[in-house]
file my_file-v9.cif (mmCIF, C-alpha atoms (C1' of nucleotides))
data_target
loop_
_atom_site.label_atom_id
_atom_site.label_comp_id
_atom_site.auth_asym_id
_atom_site.auth_seq_id
_atom_site.Cartn_x
_atom_site.Cartn_y
_atom_site.Cartn_z
CA MET A 1 -99.15 313.66 -67.53
CA ALA A 2 -99.85 311.56 -64.48
CA GLY A 3 -97.61 308.78 -65.70
CA GLN A 4 -95.25 310.38 -63.21
CA ILE A 5 -97.32 309.26 -60.25
CA ARG A 6 -97.69 305.81 -61.66
CA ARG A 7 -93.97 305.32 -62.07
CA ARG A 8 -93.18 306.79 -58.67
CA ASN A 9 -95.64 304.50 -56.94
CA ARG A 10 -94.50 301.45 -58.83
CA ALA A 11 -90.93 302.22 -57.83
CA ARG A 12 -91.91 302.65 -54.19
CA ILE A 13 -93.75 299.35 -54.18
CA LEU A 14 -90.87 297.54 -55.84
CA ALA A 15 -88.37 298.95 -53.35
CA ALA A 16 -90.49 297.85 -50.42
CA ALA A 17 -91.24 294.45 -51.93
CA GLU A 18 -87.55 293.76 -52.54
CA GLN A 19 -86.84 294.07 -48.83
CA VAL A 20 -89.82 291.99 -47.75
CA PHE A 21 -89.43 289.25 -50.35
CA ALA A 22 -85.70 288.96 -49.72
CA GLU A 23 -86.22 288.36 -46.03
CA MET A 24 -89.47 286.38 -46.05
CA GLY A 25 -89.73 284.76 -49.45
CA LEU A 26 -92.67 284.84 -51.85
CA GLU A 27 -95.02 282.89 -49.60
CA GLY A 28 -93.74 284.27 -46.31
CA ALA A 29 -94.21 287.86 -47.42
CA THR A 30 -97.66 289.36 -47.04
CA THR A 31 -98.98 292.12 -49.24
CA GLN A 32 -99.85 293.90 -46.01
CA ALA A 33 -96.18 293.97 -44.99
CA ILE A 34 -95.20 295.35 -48.39
CA ALA A 35 -97.94 297.96 -48.17
CA ASP A 36 -96.84 299.03 -44.68
CA LEU A 37 -93.23 299.42 -45.77
CA ALA A 38 -94.27 301.30 -48.89
CA GLY A 39 -96.54 303.52 -46.81
CA MET A 40 -99.74 302.91 -48.72
CA PRO A 41 -102.86 300.79 -48.28
CA LYS A 42 -102.83 297.18 -49.35
CA SER A 43 -105.29 297.70 -52.17
CA ASN A 44 -102.98 300.11 -53.93
CA ILE A 45 -100.35 297.43 -54.16
CA LEU A 46 -102.74 295.14 -55.96
CA TYR A 47 -104.11 297.97 -58.05
CA TYR A 48 -100.65 298.48 -59.50
CA PHE A 49 -99.56 294.89 -59.87
CA GLY A 50 -102.59 292.66 -59.81
CA THR A 51 -101.11 289.84 -57.77
CA LYS A 52 -98.37 289.37 -55.24
CA GLU A 53 -96.56 287.02 -57.57
CA GLN A 54 -96.47 289.59 -60.34
CA ILE A 55 -94.53 291.93 -58.05
CA TYR A 56 -92.15 289.12 -57.28
CA VAL A 57 -91.57 288.29 -60.92
CA ALA A 58 -91.15 291.95 -61.87
CA LEU A 59 -88.50 292.27 -59.16
CA LEU A 60 -86.61 289.19 -60.28
CA GLN A 61 -86.46 290.48 -63.81
CA GLU A 62 -85.34 293.88 -62.63
CA VAL A 63 -82.54 292.28 -60.64
CA VAL A 64 -81.14 290.18 -63.47
CA ARG A 65 -81.46 293.08 -65.89
CA PHE A 66 -79.55 295.30 -63.48
CA TRP A 67 -76.82 292.70 -63.01
CA HIS A 68 -76.54 292.14 -66.71
CA GLU A 69 -76.01 295.85 -67.31
CA SER A 70 -73.60 296.27 -64.41
CA PHE A 71 -71.30 293.44 -65.41
CA SER A 72 -70.87 293.75 -69.12
CA GLY A 73 -67.96 291.35 -68.93
CA PHE A 74 -64.51 291.09 -70.36
CA GLY A 75 -62.93 290.22 -73.70
CA PRO A 76 -59.81 288.46 -74.96
CA GLU A 77 -58.03 291.78 -75.38
CA ASP A 78 -58.25 292.50 -71.63
CA ASP A 79 -55.56 291.68 -69.13
CA PRO A 80 -56.77 288.57 -67.25
CA ALA A 81 -55.63 289.74 -63.84
CA LEU A 82 -57.18 293.16 -64.20
CA ALA A 83 -60.40 291.80 -65.68
CA LEU A 84 -60.86 289.29 -62.87
CA GLU A 85 -59.98 291.82 -60.22
CA THR A 86 -62.50 294.33 -61.52
CA TYR A 87 -65.24 291.75 -61.84
CA VAL A 88 -64.73 290.25 -58.38
CA ILE A 89 -64.41 293.57 -56.58
CA GLU A 90 -67.55 294.91 -58.16
CA LYS A 91 -69.51 291.78 -57.39
CA VAL A 92 -68.47 291.85 -53.73
CA ARG A 93 -69.38 295.52 -53.47
CA MET A 94 -72.77 294.77 -54.99
CA SER A 95 -73.35 292.09 -52.37
CA PHE A 96 -72.72 294.60 -49.61
CA SER A 97 -74.58 297.49 -51.21
CA ARG A 98 -77.66 295.65 -52.50
CA PRO A 99 -77.90 292.44 -50.49
CA ALA A 100 -81.65 292.14 -50.97
CA ALA A 101 -81.21 291.70 -54.72
CA SER A 102 -78.81 288.84 -54.20
CA ARG A 103 -81.07 287.19 -51.62
CA LEU A 104 -84.07 287.44 -53.87
CA PHE A 105 -82.20 285.70 -56.65
CA ALA A 106 -80.93 283.06 -54.22
CA ARG A 107 -84.45 282.32 -53.04
CA GLU A 108 -85.64 281.80 -56.57
CA MET A 109 -82.77 279.38 -57.21
CA LEU A 110 -83.64 277.45 -54.06
CA SER A 111 -87.22 277.20 -55.26
CA GLY A 112 -86.16 275.69 -58.57
CA GLY A 113 -85.62 278.83 -60.62
CA HIS A 114 -88.65 278.21 -62.84
CA ARG A 115 -89.48 281.90 -63.00
CA LEU A 116 -86.01 282.71 -64.37
CA ARG A 117 -85.77 279.84 -66.79
CA ASN A 118 -85.68 282.08 -69.85
CA TYR A 119 -82.97 284.24 -68.35
CA LEU A 120 -80.86 281.30 -67.16
CA GLU A 121 -81.02 279.36 -70.40
CA GLY A 122 -80.87 282.43 -72.63
CA GLU A 123 -79.02 285.57 -71.64
CA LEU A 124 -76.99 284.07 -68.82
CA ARG A 125 -75.95 280.98 -70.71
CA GLN A 126 -74.85 283.05 -73.68
CA TRP A 127 -72.88 285.39 -71.42
CA VAL A 128 -71.18 282.39 -69.84
CA ASP A 129 -70.41 280.80 -73.19
CA GLU A 130 -68.72 283.96 -74.40
CA ARG A 131 -66.75 284.44 -71.20
CA SER A 132 -65.72 280.77 -71.20
CA GLN A 133 -64.31 281.21 -74.68
CA VAL A 134 -62.25 284.18 -73.51
CA ILE A 135 -60.94 282.22 -70.53
CA ARG A 136 -59.98 279.29 -72.72
CA GLU A 137 -58.03 281.64 -74.99
CA TRP A 138 -56.20 283.12 -72.03
CA VAL A 139 -55.33 279.62 -70.84
CA ALA A 140 -54.15 278.61 -74.30
CA GLN A 141 -51.92 281.68 -74.42
CA GLY A 142 -50.41 280.79 -71.03
CA ARG A 143 -51.72 284.00 -69.50
CA MET A 144 -53.91 282.02 -67.12
CA ALA A 145 -53.63 278.79 -65.16
CA PRO A 146 -55.62 275.86 -66.63
CA VAL A 147 -58.91 276.66 -64.91
CA ASP A 148 -62.25 275.19 -65.89
CA PRO A 149 -64.28 278.24 -66.98
CA HIS A 150 -67.57 277.01 -65.51
CA GLN A 151 -66.03 276.11 -62.19
CA LEU A 152 -64.30 279.50 -62.07
CA LEU A 153 -67.49 281.43 -62.70
CA PHE A 154 -69.54 279.33 -60.24
CA THR A 155 -66.86 279.91 -57.63
CA ILE A 156 -66.70 283.66 -58.21
CA TRP A 157 -70.46 284.02 -58.05
CA ALA A 158 -70.72 281.92 -54.91
CA ALA A 159 -67.79 283.51 -53.11
CA THR A 160 -68.97 287.05 -53.80
CA GLN A 161 -72.67 286.57 -53.16
CA THR A 162 -72.12 284.68 -49.92
CA TYR A 163 -71.54 288.05 -48.21
CA ALA A 164 -75.15 288.94 -48.99
CA ASP A 165 -76.86 285.56 -48.86
CA PHE A 166 -75.12 284.19 -45.75
CA ALA A 167 -74.66 287.47 -43.89
CA PRO A 168 -75.81 286.04 -40.54
CA GLN A 169 -73.15 283.36 -40.75
CA VAL A 170 -70.49 285.91 -41.66
CA ALA A 171 -71.51 288.15 -38.78
CA ALA A 172 -71.59 285.30 -36.26
CA VAL A 173 -68.16 284.02 -37.21
CA ARG A 174 -66.58 287.49 -37.19
CA GLY A 175 -68.38 288.63 -34.06
CA GLY A 176 -70.34 291.29 -35.92
CA PRO A 177 -71.19 292.49 -39.40
CA PRO A 178 -68.21 293.84 -41.36
CA ASP A 179 -67.97 297.62 -41.49
CA PRO A 180 -66.95 299.28 -44.79
CA ALA A 181 -63.25 298.90 -44.07
CA ALA A 182 -63.66 295.21 -43.26
CA GLN A 183 -65.76 294.79 -46.40
CA GLU A 184 -62.96 296.14 -48.52
CA ALA A 185 -60.46 293.90 -46.73
CA LEU A 186 -62.58 290.81 -47.43
CA ALA A 187 -62.95 291.87 -51.06
CA ARG A 188 -59.21 292.43 -51.35
CA SER A 189 -58.44 289.08 -49.75
CA LEU A 190 -60.83 287.30 -52.10
CA VAL A 191 -59.33 288.99 -55.14
CA ASP A 192 -55.81 288.00 -54.11
CA PHE A 193 -57.02 284.45 -53.51
CA ILE A 194 -58.60 284.17 -56.94
CA LEU A 195 -55.63 285.75 -58.68
CA ARG A 196 -53.22 283.31 -57.03
CA ALA A 197 -55.43 280.49 -58.30
CA CYS A 198 -55.76 281.89 -61.82
CA ILE A 199 -52.64 283.80 -62.77
CA PRO A 200 -49.43 281.87 -63.30
CA PRO A 201 -46.42 283.31 -61.50
CA ALA A 202 -44.42 285.66 -63.70
CA GLN A 203 -41.85 283.65 -65.63
CA PRO A 204 -38.24 284.55 -64.98
CA ALA A 205 -37.68 286.33 -68.25
CA THR A 206 -36.39 283.78 -70.76
CA PRO A 207 -34.85 285.98 -73.43
CA PRO A 208 -35.04 284.65 -76.98
CA ARG A 209 -31.72 283.60 -78.33
CA MET B 210 -92.06 248.47 -27.03
CA ALA B 211 -93.80 250.68 -29.53
CA GLY B 212 -91.07 253.31 -29.41
CA GLN B 213 -90.09 251.66 -32.68
CA ILE B 214 -93.16 252.96 -34.47
CA ARG B 215 -92.69 256.39 -33.02
CA ARG B 216 -89.12 256.66 -34.24
CA ARG B 217 -89.94 255.24 -37.64
CA ASN B 218 -92.75 257.71 -38.17
CA ARG B 219 -90.73 260.65 -36.93
CA ALA B 220 -87.99 259.72 -39.37
CA ARG B 221 -90.45 259.44 -42.25
CA ILE B 222 -91.92 262.82 -41.46
CA LEU B 223 -88.50 264.45 -41.19
CA ALA B 224 -87.39 262.97 -44.51
CA ALA B 225 -90.50 264.26 -46.25
CA ALA B 226 -90.33 267.64 -44.55
CA GLU B 227 -86.72 268.14 -45.57
CA GLN B 228 -87.66 267.88 -49.23
CA VAL B 229 -90.69 270.13 -48.94
CA PHE B 230 -89.08 272.79 -46.76
CA ALA B 231 -85.96 272.89 -48.93
CA GLU B 232 -87.99 273.58 -52.04
CA MET B 233 -90.79 275.74 -50.63
CA GLY B 234 -89.48 277.30 -47.44
CA LEU B 235 -91.11 277.33 -44.03
CA GLU B 236 -94.07 279.45 -45.05
CA GLY B 237 -94.41 278.06 -48.56
CA ALA B 238 -94.55 274.49 -47.35
CA THR B 239 -97.93 273.19 -46.22
CA THR B 240 -98.33 270.46 -43.65
CA GLN B 241 -100.60 268.81 -46.20
CA ALA B 242 -97.73 268.57 -48.70
CA ILE B 243 -95.48 267.05 -46.06
CA ALA B 244 -98.20 264.59 -45.08
CA ASP B 245 -98.75 263.58 -48.70
CA LEU B 246 -95.06 262.97 -49.29
CA ALA B 247 -94.76 261.06 -46.02
CA GLY B 248 -97.83 259.02 -46.92
CA MET B 249 -99.86 259.74 -43.83
CA PRO B 250 -102.73 262.04 -42.90
CA LYS B 251 -102.04 265.60 -41.93
CA SER B 252 -103.08 265.11 -38.32
CA ASN B 253 -100.38 262.54 -37.75
CA ILE B 254 -97.74 265.08 -38.64
CA LEU B 255 -99.00 267.42 -35.98
CA TYR B 256 -99.51 264.60 -33.52
CA TYR B 257 -95.80 263.89 -33.69
CA PHE B 258 -94.45 267.40 -33.82
CA GLY B 259 -97.09 269.78 -32.55
CA THR B 260 -96.48 272.59 -35.01
CA LYS B 261 -95.05 273.01 -38.47
CA GLU B 262 -92.30 275.22 -37.17
CA GLN B 263 -91.15 272.56 -34.70
CA ILE B 264 -90.53 270.20 -37.60
CA TYR B 265 -88.56 272.91 -39.35
CA VAL B 266 -86.43 273.65 -36.30
CA ALA B 267 -85.84 269.96 -35.62
CA LEU B 268 -84.63 269.56 -39.20
CA LEU B 269 -82.29 272.53 -39.03
CA GLN B 270 -80.69 271.18 -35.89
CA GLU B 271 -80.38 267.75 -37.42
CA VAL B 272 -78.61 269.26 -40.42
CA VAL B 273 -76.04 271.25 -38.47
CA ARG B 274 -75.43 268.33 -36.11
CA PHE B 275 -74.85 266.05 -39.10
CA TRP B 276 -72.46 268.54 -40.70
CA HIS B 277 -70.60 269.03 -37.48
CA GLU B 278 -70.05 265.30 -37.13
CA SER B 279 -69.12 264.79 -40.78
CA PHE B 280 -66.48 267.51 -40.88
CA SER B 281 -64.52 267.14 -37.71
CA GLY B 282 -61.87 269.38 -39.15
CA PHE B 283 -58.09 269.46 -39.32
CA GLY B 284 -55.22 270.23 -37.00
CA PRO B 285 -51.77 271.80 -37.20
CA GLU B 286 -50.15 268.38 -37.55
CA ASP B 287 -51.99 267.73 -40.82
CA ASP B 288 -50.59 268.44 -44.26
CA PRO B 289 -52.34 271.62 -45.47
CA ALA B 290 -52.82 270.43 -49.05
CA LEU B 291 -54.25 267.08 -48.00
CA ALA B 292 -56.46 268.59 -45.30
CA LEU B 293 -57.94 271.16 -47.68
CA GLU B 294 -58.39 268.60 -50.43
CA THR B 295 -60.24 266.20 -48.14
CA TYR B 296 -62.46 268.91 -46.71
CA VAL B 297 -63.39 270.42 -50.07
CA ILE B 298 -64.04 267.11 -51.81
CA GLU B 299 -66.27 265.91 -49.02
CA LYS B 300 -68.21 269.14 -48.90
CA VAL B 301 -68.84 269.06 -52.66
CA ARG B 302 -69.96 265.45 -52.45
CA MET B 303 -72.33 266.34 -49.64
CA SER B 304 -73.84 269.08 -51.81
CA PHE B 305 -74.57 266.59 -54.54
CA SER B 306 -75.72 263.76 -52.27
CA ARG B 307 -77.86 265.75 -49.81
CA PRO B 308 -78.78 268.99 -51.56
CA ALA B 309 -81.94 269.48 -49.53
CA ALA B 310 -79.92 269.84 -46.32
CA SER B 311 -77.82 272.58 -47.85
CA ARG B 312 -80.87 274.36 -49.23
CA LEU B 313 -82.63 274.23 -45.91
CA PHE B 314 -79.66 275.87 -44.22
CA ALA B 315 -79.43 278.46 -46.98
CA ARG B 316 -83.08 279.39 -46.56
CA GLU B 317 -82.61 279.92 -42.86
CA MET B 318 -79.63 282.19 -43.54
CA LEU B 319 -81.66 284.20 -46.04
CA SER B 320 -84.36 284.62 -43.42
CA GLY B 321 -81.90 286.02 -40.90
CA GLY B 322 -80.71 282.82 -39.25
CA HIS B 323 -82.45 283.57 -35.95
CA ARG B 324 -83.33 279.93 -35.40
CA LEU B 325 -79.67 278.94 -35.65
CA ARG B 326 -78.25 281.75 -33.59
CA ASN B 327 -76.99 279.48 -30.84
CA TYR B 328 -75.29 277.22 -33.35
CA LEU B 329 -73.74 280.05 -35.35
CA GLU B 330 -72.40 281.96 -32.37
CA GLY B 331 -71.48 278.85 -30.38
CA GLU B 332 -70.39 275.64 -32.03
CA LEU B 333 -69.68 277.09 -35.47
CA ARG B 334 -67.78 280.10 -34.24
CA GLN B 335 -65.63 277.93 -32.00
CA TRP B 336 -64.94 275.53 -34.84
CA VAL B 337 -63.93 278.46 -37.05
CA ASP B 338 -61.72 279.99 -34.37
CA GLU B 339 -59.84 276.71 -33.95
CA ARG B 340 -59.44 276.18 -37.67
CA SER B 341 -58.34 279.80 -38.16
CA GLN B 342 -55.59 279.26 -35.62
CA VAL B 343 -54.38 276.20 -37.52
CA ILE B 344 -54.38 278.13 -40.79
CA ARG B 345 -52.42 280.98 -39.26
CA GLU B 346 -49.82 278.51 -38.01
CA TRP B 347 -49.50 276.98 -41.45
CA VAL B 348 -49.05 280.43 -42.95
CA ALA B 349 -46.44 281.37 -40.34
CA GLN B 350 -44.54 278.18 -41.15
CA GLY B 351 -44.59 279.04 -44.85
CA ARG B 352 -46.58 275.92 -45.65
CA MET B 353 -49.46 278.03 -46.89
CA ALA B 354 -49.90 281.25 -48.82
CA PRO B 355 -50.92 284.26 -46.68
CA VAL B 356 -54.67 283.65 -46.81
CA ASP B 357 -57.18 285.27 -44.52
CA PRO B 358 -58.71 282.31 -42.63
CA HIS B 359 -62.24 283.70 -42.57
CA GLN B 360 -62.24 284.56 -46.23
CA LEU B 361 -60.88 281.10 -47.04
CA LEU B 362 -63.60 279.31 -45.08
CA PHE B 363 -66.38 281.54 -46.45
CA THR B 364 -65.11 280.86 -49.96
CA ILE B 365 -64.91 277.09 -49.46
CA TRP B 366 -68.40 276.92 -47.99
CA ALA B 367 -69.87 279.08 -50.74
CA ALA B 368 -68.07 277.36 -53.61
CA THR B 369 -69.02 273.88 -52.43
CA GLN B 370 -72.61 274.54 -51.44
CA THR B 371 -73.39 276.44 -54.63
CA TYR B 372 -73.78 273.08 -56.37
CA ALA B 373 -76.75 272.36 -54.11
CA ASP B 374 -78.18 275.82 -53.55
CA PHE B 375 -77.86 277.13 -57.10
CA ALA B 376 -78.41 273.86 -58.94
CA PRO B 377 -80.81 275.38 -61.51
CA GLN B 378 -78.18 277.92 -62.50
CA VAL B 379 -75.51 275.23 -62.77
CA ALA B 380 -77.78 273.08 -64.91
CA ALA B 381 -78.79 275.95 -67.18
CA VAL B 382 -75.21 277.05 -67.82
CA ARG B 383 -73.99 273.51 -68.46
CA GLY B 384 -77.00 272.49 -70.52
CA GLY B 385 -78.10 269.91 -67.97
CA PRO B 386 -77.45 268.71 -64.43
CA PRO B 387 -73.98 267.20 -63.93
CA ASP B 388 -73.90 263.41 -63.86
CA PRO B 389 -71.67 261.66 -61.30
CA ALA B 390 -68.61 261.88 -63.54
CA ALA B 391 -69.13 265.58 -64.14
CA GLN B 392 -69.67 266.07 -60.41
CA GLU B 393 -66.29 264.56 -59.68
CA ALA B 394 -64.70 266.69 -62.38
CA LEU B 395 -66.15 269.86 -60.89
CA ALA B 396 -64.99 268.80 -57.43
CA ARG B 397 -61.52 268.07 -58.75
CA SER B 398 -61.34 271.38 -60.57
CA LEU B 399 -62.40 273.25 -57.44
CA VAL B 400 -59.83 271.45 -55.32
CA ASP B 401 -57.06 272.28 -57.77
CA PHE B 402 -58.22 275.88 -57.83
CA ILE B 403 -58.17 276.21 -54.06
CA LEU B 404 -54.81 274.47 -53.74
CA ARG B 405 -53.23 276.82 -56.28
CA ALA B 406 -54.53 279.72 -54.22
CA CYS B 407 -53.40 278.30 -50.88
CA ILE B 408 -50.28 276.24 -51.34
CA PRO B 409 -47.06 278.03 -52.25
CA PRO B 410 -45.18 276.46 -55.16
CA ALA B 411 -42.53 274.02 -54.01
CA GLN B 412 -39.31 275.93 -53.43
CA PRO B 413 -36.40 274.90 -55.59
CA ALA B 414 -34.57 273.06 -52.85
CA THR B 415 -32.24 275.57 -51.19
CA PRO B 416 -29.84 273.25 -49.43
CA PRO B 417 -28.43 274.53 -46.15
CA ARG B 418 -24.78 275.32 -46.41
"C1'" DG C 419 -106.58 307.19 -58.82
"C1'" DT C 420 -107.26 306.02 -53.93
"C1'" DC C 421 -109.06 303.69 -50.11
"C1'" DT C 422 -112.53 300.97 -46.90
"C1'" DA C 423 -115.07 297.06 -46.27
"C1'" DT C 424 -115.77 292.45 -47.40
"C1'" DA C 425 -115.88 288.01 -49.83
"C1'" DT C 426 -113.25 283.78 -50.63
"C1'" DT C 427 -109.73 280.63 -50.01
"C1'" DT C 428 -106.27 278.47 -47.77
"C1'" DT C 429 -104.27 276.29 -44.01
"C1'" DG C 430 -102.59 275.47 -39.35
"C1'" DA C 431 -104.41 273.32 -35.62
"C1'" DT C 432 -107.84 270.62 -32.71
"C1'" DA C 433 -111.72 267.67 -31.13
"C1'" DG C 434 -113.27 263.42 -30.81
"C1'" DA C 435 -114.60 258.82 -32.93
"C1'" DC C 436 -112.41 254.46 -33.65
"C1'" DG D 437 -101.92 255.35 -31.92
"C1'" DT D 438 -104.57 256.71 -36.03
"C1'" DC D 439 -107.69 259.24 -38.75
"C1'" DT D 440 -112.03 262.17 -40.15
"C1'" DA D 441 -114.41 266.22 -39.63
"C1'" DT D 442 -114.24 270.77 -38.31
"C1'" DC D 443 -112.78 275.21 -36.34
"C1'" DA D 444 -110.44 279.58 -36.38
"C1'" DA D 445 -107.21 282.62 -38.21
"C1'" DA D 446 -104.86 284.73 -41.82
"C1'" DA D 447 -104.25 286.53 -46.12
"C1'" DT D 448 -105.24 287.22 -51.13
"C1'" DA D 449 -108.13 289.49 -53.90
"C1'" DT D 450 -112.26 292.26 -55.18
"C1'" DA D 451 -116.32 295.41 -55.03
"C1'" DG D 452 -117.65 299.71 -54.76
"C1'" DA D 453 -117.76 304.38 -52.41
"C1'" DC D 454 -115.23 308.60 -52.81
#
call {"tool": "encode", "arguments": {"input": "my_file-v9.cif", "output": "structure tokens"}}
result
Amino acid sequence: MAGQIRRRNRARILAAAEQVFAEMGLEGATTQAIADLAGMPKSNILYYFGTKEQIYVALLQEVVRFWHESFSGFGPEDDPALALETYVIEKVRMSFSRPAASRLFAREMLSGGHRLRNYLEGELRQWVDERSQVIREWVAQGRMAPVDPHQLLFTIWAATQTYADFAPQVAAVRGGPPDPAAQEALARSLVDFILRACIPPAQPATPPR
Amino acid sequence: MAGQIRRRNRARILAAAEQVFAEMGLEGATTQAIADLAGMPKSNILYYFGTKEQIYVALLQEVVRFWHESFSGFGPEDDPALALETYVIEKVRMSFSRPAASRLFAREMLSGGHRLRNYLEGELRQWVDERSQVIREWVAQGRMAPVDPHQLLFTIWAATQTYADFAPQVAAVRGGPPDPAAQEALARSLVDFILRACIPPAQPATPPR
DNA sequence: GTCTATATTTTGATAGAC
DNA sequence: GTCTATCAAAATATAGAC
């Protein structure tokens, strides 16, 4: 079966295209640049995908599918502090380990997000609705400060993805890109920040009488 | 003096270009689209600016200059809570009132930020260094929780600008773009969030004895 | 399936009339 | 200063040999 070759080549093209699209955008990227990075002639790229835009769309969908699988979420039975900590740490790590994915998504948002409309209004919205319900329960139970669920999620997404999307700004301000130790320190600092904002200070035990 | 006409036309071109570049990017935008939006023939655009990229660079510099003037910053004599509140509220409002400026900046960051290198490593870095010093003083005085200044600023920038840069995501999750009242509510919620994370709870007055 | 050569389109930029 | 007509370059996409 030569389906092997087909899948291998598709994967190589997608990997190359992710880098090029993330840095140059859909219009700025040339199929030639993708071909060069993938190490194959330009025609092969179009043989596998038809048009440049089809590669772009395939990549976007791969990114959101990957995110959706990686961050299954949290439920009302979880401990709020632990759930938030896990989610934030993993999102920061993803920004440092796969920045191109985050940048690709950011570019699509800046362009209006039309190509992800189904995802945004379907899967993502449902995920957010469920998580918002959990957060509201936690708040009602006094296990969490009275945060607005949407604002919390927007803030977490923005604060974690900024390390991928605005990397040049981060590097300029710090005097260089953060090495792995600095990455962990930034992640830790962000987690502590969010937990202070979300988790009410432990009550001095008021014993029932 | 016909310098009037020149300035008027330059301003019209810049206003049109900001919209087009923000939505399409440098390469995605065509001079024709800018000309159409500005209501003048394509040649006039190039007569005033020479090249498409010069318009783009001029816009970027105008944006950072405008931001720099709008957010002069805060000093050690200020009240931390009030200073943060003012800064965050104004940045959120800017995201809603001039989203194209934020998106333009975001695009440049995604592309590597080379055209803003001088700004990032000069003016911005100096501004951050000064503000970081203030924050460290506040922390040392116990007027602020032990936040990492860089992480705090990155988080504020990301959380405020997300309402411009990721507007399609915000609209999809909320079921529509936020109207002015909802914008204020989101700003308020974000401010409260950041203050909970930054400002230590008022100590139960420990009178000196 | 793979690759070279080429057709077609788009678009940034310019020349030159008014 | 303004605008029309045009050039030249670049890049997407395809045709067709291998």
call {"tool": "interface_residues", "arguments": {"input": "my_file-v9.cif", "of": "chain B", "to": "chain D", "cutoff": "9 Å", "atoms": "all atoms listed in the file", "output": "list in words"}}
result
Pro250, Ser252 and Asn253 of chain B
call {"tool": "resolve_selection", "arguments": {"input": "my_file-v9.cif", "expression": "the PyMOL selection byres ((chain C) within 10 of (chain A))", "output": "list in words"}}
result
DG419, DT420, DC421 and DT422 of chain C
call {"tool": "resolve_selection", "arguments": {"input": "my_file-v9.cif", "expression": "the PyMOL selection byres ((chain A and resi 190) around 9)", "output": "list in words"}}
result
Val88, Ile89, Ala159, Thr160, Ala185, Leu186, Ala187, Arg188, Ser189, Val191, Asp192, Phe193, Ile194 and Leu195 of chain A; Val356, Asp357, Gln360, Leu361 and Thr364 of chain B
call {"tool": "atom_distance", "arguments": {"input": "my_file-v9.cif", "atom1": "atom CA of Gly259 of chain B", "atom2": "atom CA of Val273 of chain B"}}
result
21.9 Å
call {"tool": "atom_distance", "arguments": {"input": "my_file-v9.cif", "atom1": "atom CA of Arg65 of chain A", "atom2": "atom CA of Ser97 of chain A"}}
result
16.8 Å
call {"tool": "axis_aligned_box", "arguments": {"input": "my_file-v9.cif", "around": "segment 437-449 of chain D", "padding_each_side": "5 Å", "output": "AutoDock Vina command-line options"}}
result
--center_x -108.2 --center_y 272.4 --center_z -42.9 --size_x 22.5 --size_y 44.1 --size_z 32.0
call {"tool": "atom_distance", "arguments": {"input": "my_file-v9.cif", "atom1": "atom CA of Leu223 of chain B", "atom2": "atom CA of Ile264 of chain B"}}
result
7.1 Å
